$ cat upload01.txt   # compact mmCIF, C-alpha atoms
# COMPACT_ATOMS: atom_id res chain seq x y z
CA MET A 1 0.00 0.00 0.00
CA LEU A 2 2.86 2.37 0.80
CA LEU A 3 4.49 1.70 -2.58
CA TRP A 4 1.18 2.26 -4.33
CA HIS A 5 0.73 5.58 -2.45
CA LEU A 6 4.23 6.74 -3.40
CA ALA A 7 3.91 5.66 -7.07
CA ALA A 8 0.41 6.98 -7.70
CA PRO A 9 0.00 10.64 -8.78
CA ARG A 10 -1.68 12.94 -6.26
CA ASP A 11 -3.90 14.82 -8.70
CA ARG A 12 -7.37 13.23 -8.89
CA ALA A 13 -7.49 13.16 -12.71
CA GLN A 14 -3.98 11.76 -12.85
CA ARG A 15 -4.88 9.13 -10.24
CA THR A 16 -7.87 8.08 -12.33
CA ARG A 17 -5.76 7.76 -15.48
CA PHE A 18 -3.11 5.89 -13.48
CA LYS A 19 -5.66 3.38 -12.18
CA ILE A 20 -7.08 2.86 -15.68
CA GLN A 21 -3.59 2.23 -17.08
CA MET A 22 -2.76 -0.20 -14.26
CA HIS A 23 -6.05 -2.03 -14.77
CA GLY A 24 -5.45 -2.27 -18.53
CA SER A 25 -1.89 -3.50 -18.00
CA LEU A 26 -3.07 -6.15 -15.55
CA ILE A 27 -5.71 -7.41 -17.98
CA ALA A 28 -3.13 -7.55 -20.79
CA ILE A 29 -0.74 -9.53 -18.58
CA LEU A 30 -3.46 -11.98 -17.57
CA GLU A 31 -4.56 -12.45 -21.19
CA PHE A 32 -0.99 -13.11 -22.32
CA ALA A 33 -0.45 -15.52 -19.39
CA LEU A 34 -3.60 -17.46 -20.33
CA LEU A 35 -2.54 -17.58 -23.99
CA ALA A 36 0.99 -18.77 -23.13
CA LEU A 37 -0.10 -21.41 -20.63
CA THR A 38 -2.90 -22.92 -22.69
CA SER A 39 -1.00 -22.96 -25.99
CA ILE A 40 2.17 -24.49 -24.51
CA PHE A 41 0.31 -27.06 -22.40
CA PHE A 42 -1.97 -28.10 -25.27
CA LEU A 43 1.07 -28.60 -27.52
CA VAL A 44 3.05 -30.50 -24.90
CA ASP A 45 -0.18 -32.51 -24.41
CA PRO A 46 0.97 -35.21 -21.95
CA PHE A 47 -2.43 -36.94 -22.23
CA ALA A 48 -1.62 -37.92 -25.82
CA VAL A 49 1.73 -39.34 -24.67
CA ILE A 50 0.19 -41.64 -22.04
CA PRO A 51 -0.38 -44.66 -24.37
CA MET A 52 3.22 -44.54 -25.69
CA PHE A 53 4.60 -43.96 -22.21
CA LEU A 54 2.80 -47.03 -20.87
CA VAL A 55 4.04 -49.16 -23.78
CA MET A 56 7.63 -47.98 -23.41
CA THR A 57 7.62 -48.53 -19.63
CA ALA A 58 5.54 -51.73 -19.63
CA ASP A 59 8.26 -53.81 -17.88
CA ALA A 60 9.50 -51.05 -15.58
CA PRO A 61 8.59 -50.94 -11.85
CA HIS A 62 6.54 -48.03 -10.53
CA ALA A 63 9.59 -46.18 -9.12
CA GLU A 64 11.38 -46.44 -12.47
CA ARG A 65 8.30 -45.12 -14.26
CA ARG A 66 8.23 -42.06 -12.02
CA HIS A 67 11.95 -41.55 -12.67
CA MET A 68 11.41 -41.73 -16.44
CA ALA A 69 8.45 -39.34 -16.19
CA ARG A 70 10.65 -36.90 -14.27
CA ARG A 71 13.46 -37.11 -16.84
CA SER A 72 10.99 -36.65 -19.71
CA ALA A 73 9.51 -33.55 -18.06
CA TRP A 74 12.98 -32.13 -17.35
CA THR A 75 13.97 -32.72 -20.99
CA CYS A 76 10.80 -31.00 -22.20
CA GLY A 77 11.37 -27.97 -19.97
CA ILE A 78 15.07 -27.62 -20.85
CA VAL A 79 14.46 -27.94 -24.61
CA LEU A 80 11.63 -25.39 -24.64
CA CYS A 81 13.49 -22.92 -22.42
CA SER A 82 16.59 -23.27 -24.62
CA PHE A 83 14.66 -22.45 -27.78
CA ALA A 84 12.91 -19.58 -25.99
CA LEU A 85 16.30 -18.15 -25.03
CA ALA A 86 17.86 -18.73 -28.45
CA GLY A 87 14.81 -17.65 -30.47
CA SER A 88 15.97 -14.14 -31.36
CA LEU A 89 19.47 -15.43 -32.16
CA ILE A 90 18.04 -18.08 -34.50
CA PHE A 91 15.92 -15.45 -36.24
CA LYS A 92 18.96 -13.22 -36.81
CA LEU A 93 21.24 -16.12 -37.82
CA PHE A 94 18.93 -17.37 -40.57
CA GLY A 95 17.44 -13.98 -41.47
CA ILE A 96 13.94 -15.06 -40.45
CA THR A 97 11.41 -12.39 -39.54
CA LEU A 98 8.91 -12.91 -36.72
CA PRO A 99 5.86 -12.52 -39.04
CA ALA A 100 7.23 -15.27 -41.31
CA PHE A 101 7.79 -17.53 -38.31
CA LYS A 102 4.26 -16.81 -37.07
CA ILE A 103 2.85 -18.05 -40.37
CA ALA A 104 5.13 -21.11 -40.41
CA GLY A 105 4.26 -21.88 -36.79
CA GLY A 106 0.58 -21.45 -37.55
CA ILE A 107 0.79 -24.00 -40.37
CA ILE A 108 2.51 -26.50 -38.05
CA LEU A 109 -0.11 -25.94 -35.35
CA MET A 110 -2.86 -26.37 -37.92
CA GLN A 111 -1.53 -29.80 -38.92
CA ILE A 112 -1.17 -30.89 -35.30
CA GLY A 113 -4.63 -29.54 -34.39
CA ILE A 114 -6.31 -31.34 -37.29
CA ASP A 115 -4.65 -34.63 -36.24
CA MET A 116 -5.85 -34.06 -32.66
CA LEU A 117 -9.39 -33.34 -33.88
CA GLN A 118 -9.30 -36.81 -35.42
CA ALA A 119 -7.97 -38.19 -32.09
CA LYS A 120 -4.83 -39.57 -33.69
CA GLN A 121 -1.15 -39.15 -32.93
CA SER A 122 0.46 -36.41 -35.00
CA GLY A 123 3.35 -37.50 -37.20
CA GLN A 124 5.17 -34.34 -36.08
CA ARG A 125 5.19 -35.63 -32.49
CA SER A 126 6.62 -39.05 -33.35
CA THR A 127 6.69 -41.58 -36.16
CA PRO A 128 5.96 -45.31 -35.83
CA GLU A 129 9.69 -45.97 -36.26
CA GLU A 130 10.57 -43.63 -33.38
CA THR A 131 7.93 -45.23 -31.16
CA LYS A 132 9.27 -48.71 -32.00
CA GLU A 133 12.84 -47.59 -31.27
CA GLY A 134 11.74 -46.06 -27.97
CA THR A 135 10.03 -49.29 -26.96
CA ALA A 136 13.25 -51.19 -27.55
CA LYS A 137 15.31 -48.75 -25.42
CA GLU A 138 16.01 -49.37 -21.77
CA ASP A 139 15.52 -45.66 -21.06
CA ALA A 140 13.39 -43.70 -23.54
CA SER A 141 12.78 -40.79 -21.17
CA ILE A 142 14.92 -38.24 -23.04
CA ILE A 143 14.44 -39.43 -26.62
CA PRO A 144 11.74 -39.88 -27.82
CA LEU A 145 9.54 -39.16 -24.75
CA GLY A 146 11.04 -35.82 -23.69
CA MET A 147 11.74 -34.80 -27.27
CA PRO A 148 9.96 -34.91 -29.69
CA MET A 149 6.86 -36.40 -27.99
CA LEU A 150 6.53 -33.69 -25.33
CA ALA A 151 8.75 -30.92 -26.73
CA GLY A 152 7.87 -31.28 -30.41
CA PRO A 153 8.04 -28.85 -33.35
CA GLY A 154 4.68 -27.28 -32.44
CA ALA A 155 5.67 -26.48 -28.86
CA ILE A 156 9.12 -25.22 -29.91
CA SER A 157 7.76 -22.89 -32.61
CA THR A 158 5.08 -21.59 -30.22
CA VAL A 159 7.51 -20.62 -27.44
CA MET A 160 9.72 -18.88 -30.00
CA VAL A 161 6.75 -16.88 -31.33
CA LEU A 162 5.58 -16.02 -27.80
CA VAL A 163 9.04 -14.80 -26.78
CA GLY A 164 9.31 -12.87 -30.05
CA GLU A 165 6.04 -11.09 -29.19
CA SER A 166 7.15 -10.37 -25.60
CA HIS A 167 7.78 -6.67 -25.16
CA THR A 168 8.62 -6.63 -21.45
CA LEU A 169 10.49 -8.76 -18.91
CA TRP A 170 7.09 -9.61 -17.43
CA ASP A 171 5.99 -11.16 -20.72
CA ARG A 172 9.19 -13.18 -21.06
CA GLY A 173 8.87 -14.34 -17.46
CA ILE A 174 5.30 -15.47 -18.17
CA VAL A 175 6.48 -17.61 -21.12
CA TYR A 176 9.15 -19.34 -18.99
CA ALA A 177 6.65 -19.80 -16.16
CA ALA A 178 4.19 -21.40 -18.60
CA ILE A 179 6.93 -23.80 -19.78
CA ILE A 180 7.74 -24.78 -16.17
CA VAL A 181 4.06 -25.28 -15.28
CA SER A 182 3.44 -27.35 -18.42
CA SER A 183 6.52 -29.50 -17.75
CA LEU A 184 5.45 -30.04 -14.13
CA ALA A 185 1.95 -31.01 -15.27
CA ALA A 186 3.50 -33.43 -17.79
CA TYR A 187 5.48 -35.07 -14.99
CA LEU A 188 2.44 -35.44 -12.73
CA ILE A 189 0.29 -36.86 -15.53
CA LEU A 190 2.91 -39.32 -16.79
CA ALA A 191 3.93 -40.37 -13.27
CA GLY A 192 0.30 -41.31 -12.64
CA ALA A 193 -0.33 -42.54 -16.20
CA ASP A 194 -1.99 -45.78 -15.05
CA ARG A 195 -4.45 -43.95 -12.82
CA VAL A 196 -5.14 -41.23 -15.40
CA ARG A 197 -5.86 -43.81 -18.09
CA ARG A 198 -8.15 -45.82 -15.79
CA TYR A 199 -9.98 -42.68 -14.71
CA LEU A 200 -10.42 -41.09 -18.14
CA GLY A 201 -10.43 -44.23 -20.26
CA GLU A 202 -9.60 -44.20 -23.96
CA THR A 203 -12.80 -42.28 -24.72
CA GLY A 204 -12.00 -39.55 -22.19
CA ILE A 205 -8.46 -39.11 -23.51
CA ARG A 206 -9.74 -38.86 -27.09
CA ILE A 207 -12.35 -36.28 -26.08
CA LEU A 208 -9.62 -34.18 -24.42
CA MET A 209 -7.47 -34.49 -27.54
CA ARG A 210 -10.32 -33.26 -29.73
CA LEU A 211 -11.02 -30.29 -27.46
CA MET A 212 -7.34 -29.34 -27.39
CA GLY A 213 -7.17 -29.83 -31.16
CA LEU A 214 -10.06 -27.42 -31.71
CA LEU A 215 -8.34 -24.73 -29.64
CA LEU A 216 -5.04 -25.36 -31.44
CA VAL A 217 -6.67 -24.93 -34.85
CA ALA A 218 -8.12 -21.58 -33.69
CA LEU A 219 -4.69 -20.58 -32.33
CA ALA A 220 -3.07 -21.59 -35.63
CA VAL A 221 -5.47 -19.38 -37.60
CA GLN A 222 -4.69 -16.49 -35.25
CA PHE A 223 -0.93 -16.98 -35.67
CA VAL A 224 -1.26 -16.92 -39.47
CA ALA A 225 -3.57 -13.88 -39.34
CA ASN A 226 -1.13 -12.02 -37.06
CA GLY A 227 1.71 -12.78 -39.47
CA LEU A 228 -0.30 -11.50 -42.44
CA ILE A 229 -1.24 -8.35 -40.50
CA ASP A 230 2.45 -7.75 -39.66
CA PHE A 231 3.31 -8.08 -43.37
CA GLY A 232 0.52 -5.62 -44.22
CA LEU A 233 -1.35 -8.22 -46.27
CA LEU A 234 -4.34 -8.21 -43.91
CA LYS A 235 -6.04 -5.36 -42.12
CA THR A 236 -6.33 -5.28 -38.36
CA PRO A 237 -9.90 -6.17 -37.26
CA GLY A 238 -11.86 -2.95 -36.74
CA ALA A 239 -9.45 -0.90 -38.85
CA HIS A 240 -10.87 1.10 -41.80

$ encode --input "upload01.txt" --output "structure tokens"
Amino acid sequence: MLLWHLAAPRDRAQRTRFKIQMHGSLIAILEFALLALTSIFFLVDPFAVIPMFLVMTADAPHAERRHMARRSAWTCGIVLCSFALAGSLIFKLFGITLPAFKIAGGIILMQIGIDMLQAKQSGQRSTPEETKEGTAKEDASIIPLGMPMLAGPGAISTVMVLVGESHTLWDRGIVYAAIIVSSLAAYLILAGADRVRRYLGETGIRILMRLMGLLLVALAVQFVANGLIDFGLLKTPGAH
């Protein structure tokens, strides 16, 4: 309260404008946080990984399964945070503009979302050959579970776009926080994969996949639209 009193202007009109600006900033932060968390979590999508995780850890004891789930989640978090940190450098190195990457990311998300709407595993997450190789491994927690099943092309491109659109340290912090929360959720879901599958059943998991797929398709369209607006090929909604 003391900090608020010191920071806020003393003139009544100025105080009103200050409160409106603070309220608008808070809403913008909350909207960006919701966008970052939902988009990253839906693309990590640990529910879709449950069947492969159970197959790859079929002969492992419960403690080993939890250990593999932890390593997979750590791998996912480290990979996504690394690409978030290196995003601007990658753009400069290859001469890629953010609008172009938005459109490319939107196309990737569209493909993943359409596969999820059909309740099937996206080929961008893993191929049958990768799944077979993972089943034969003694420890598949890093590859292919951590990457590319959890941290796949869709999640990587999304965190790079989100960081590219971050204009403040708050926004960047929100993206990293969303990655950490999504990775933690992936660990909890995979560590209790047996219980989650019994509770939701195959039908419940497929329903969740379809719902997430619908939201991803909408997000993909928005990414492409934002890229076209940045290129000046599309007008901003409401603009004349």

$ residues_around --input "upload01.txt" --residues "Leu80 in chain A" --least-positions-apart "6" --cutoff "12 Å" --atoms "all atoms listed in the file" --output "PyMOL selection string"
chain A and resi 40-41+43-44+73-74+86-87+146-148+150-163+175-180+182-183

$ residues_around --input "upload01.txt" --residues "Asp45 in chain A" --least-positions-apart "4" --cutoff "12 Å" --atoms "all atoms listed in the file" --output "VMD selection string"
chain A and resid 37 to 41 49 to 50 73 76 112 to 113 116 121 to 122 125 145 to 146 148 to 152 154 to 155 182 to 187 189 to 190 205 to 206 208 to 213 216

$ atom_distance --input "upload01.txt" --atom1 "CA of Trp170 in chain A" --atom2 "CA of Ser88 in chain A"
17.1 Å

$ closest_residue --input "upload01.txt" --among "A:Ile174, A:Leu89, A:Met56, A:Ala100" --to "Asn226 in chain A" --atoms "all atoms listed in the file"
A:Ala100

$ closest_residue --input "upload01.txt" --among "A:Gly164, A:Gly192, A:Gly227, A:Gly106" --to "Phe83 in chain A" --atoms "only C-alpha atoms"
A:Gly164

$ residues_around --input "upload01.txt" --residues "Ile229 in chain A" --least-positions-apart "5" --cutoff "12 Å" --atoms "only C-alpha atoms" --output "list in words"
Leu98, Pro99, Ala100, Lys102, Ile103, Gln222, Phe223, Val224, Leu234, Lys235, Thr236, Pro237 and Ala239 of chain A

$ atom_distance --input "upload01.txt" --atom1 "CA of Asp194 in chain A" --atom2 "CA of Glu64 in chain A"
13.6 Å

$ closest_residue --input "upload01.txt" --among "A:Ser25, A:Ser72, A:Ser82, A:Gln111" --to "Ala218 in chain A" --atoms "all atoms listed in the file"
A:Gln111

$ closest_residue --input "upload01.txt" --among "A:Leu109, A:Thr97, A:Lys92, A:Pro144" --to "Asp230 in chain A" --atoms "all atoms listed in the file"
A:Thr97

$ atom_distance --input "upload01.txt" --atom1 "CA of Leu219 in chain A" --atom2 "CA of Gly105 in chain A"
10.1 Å
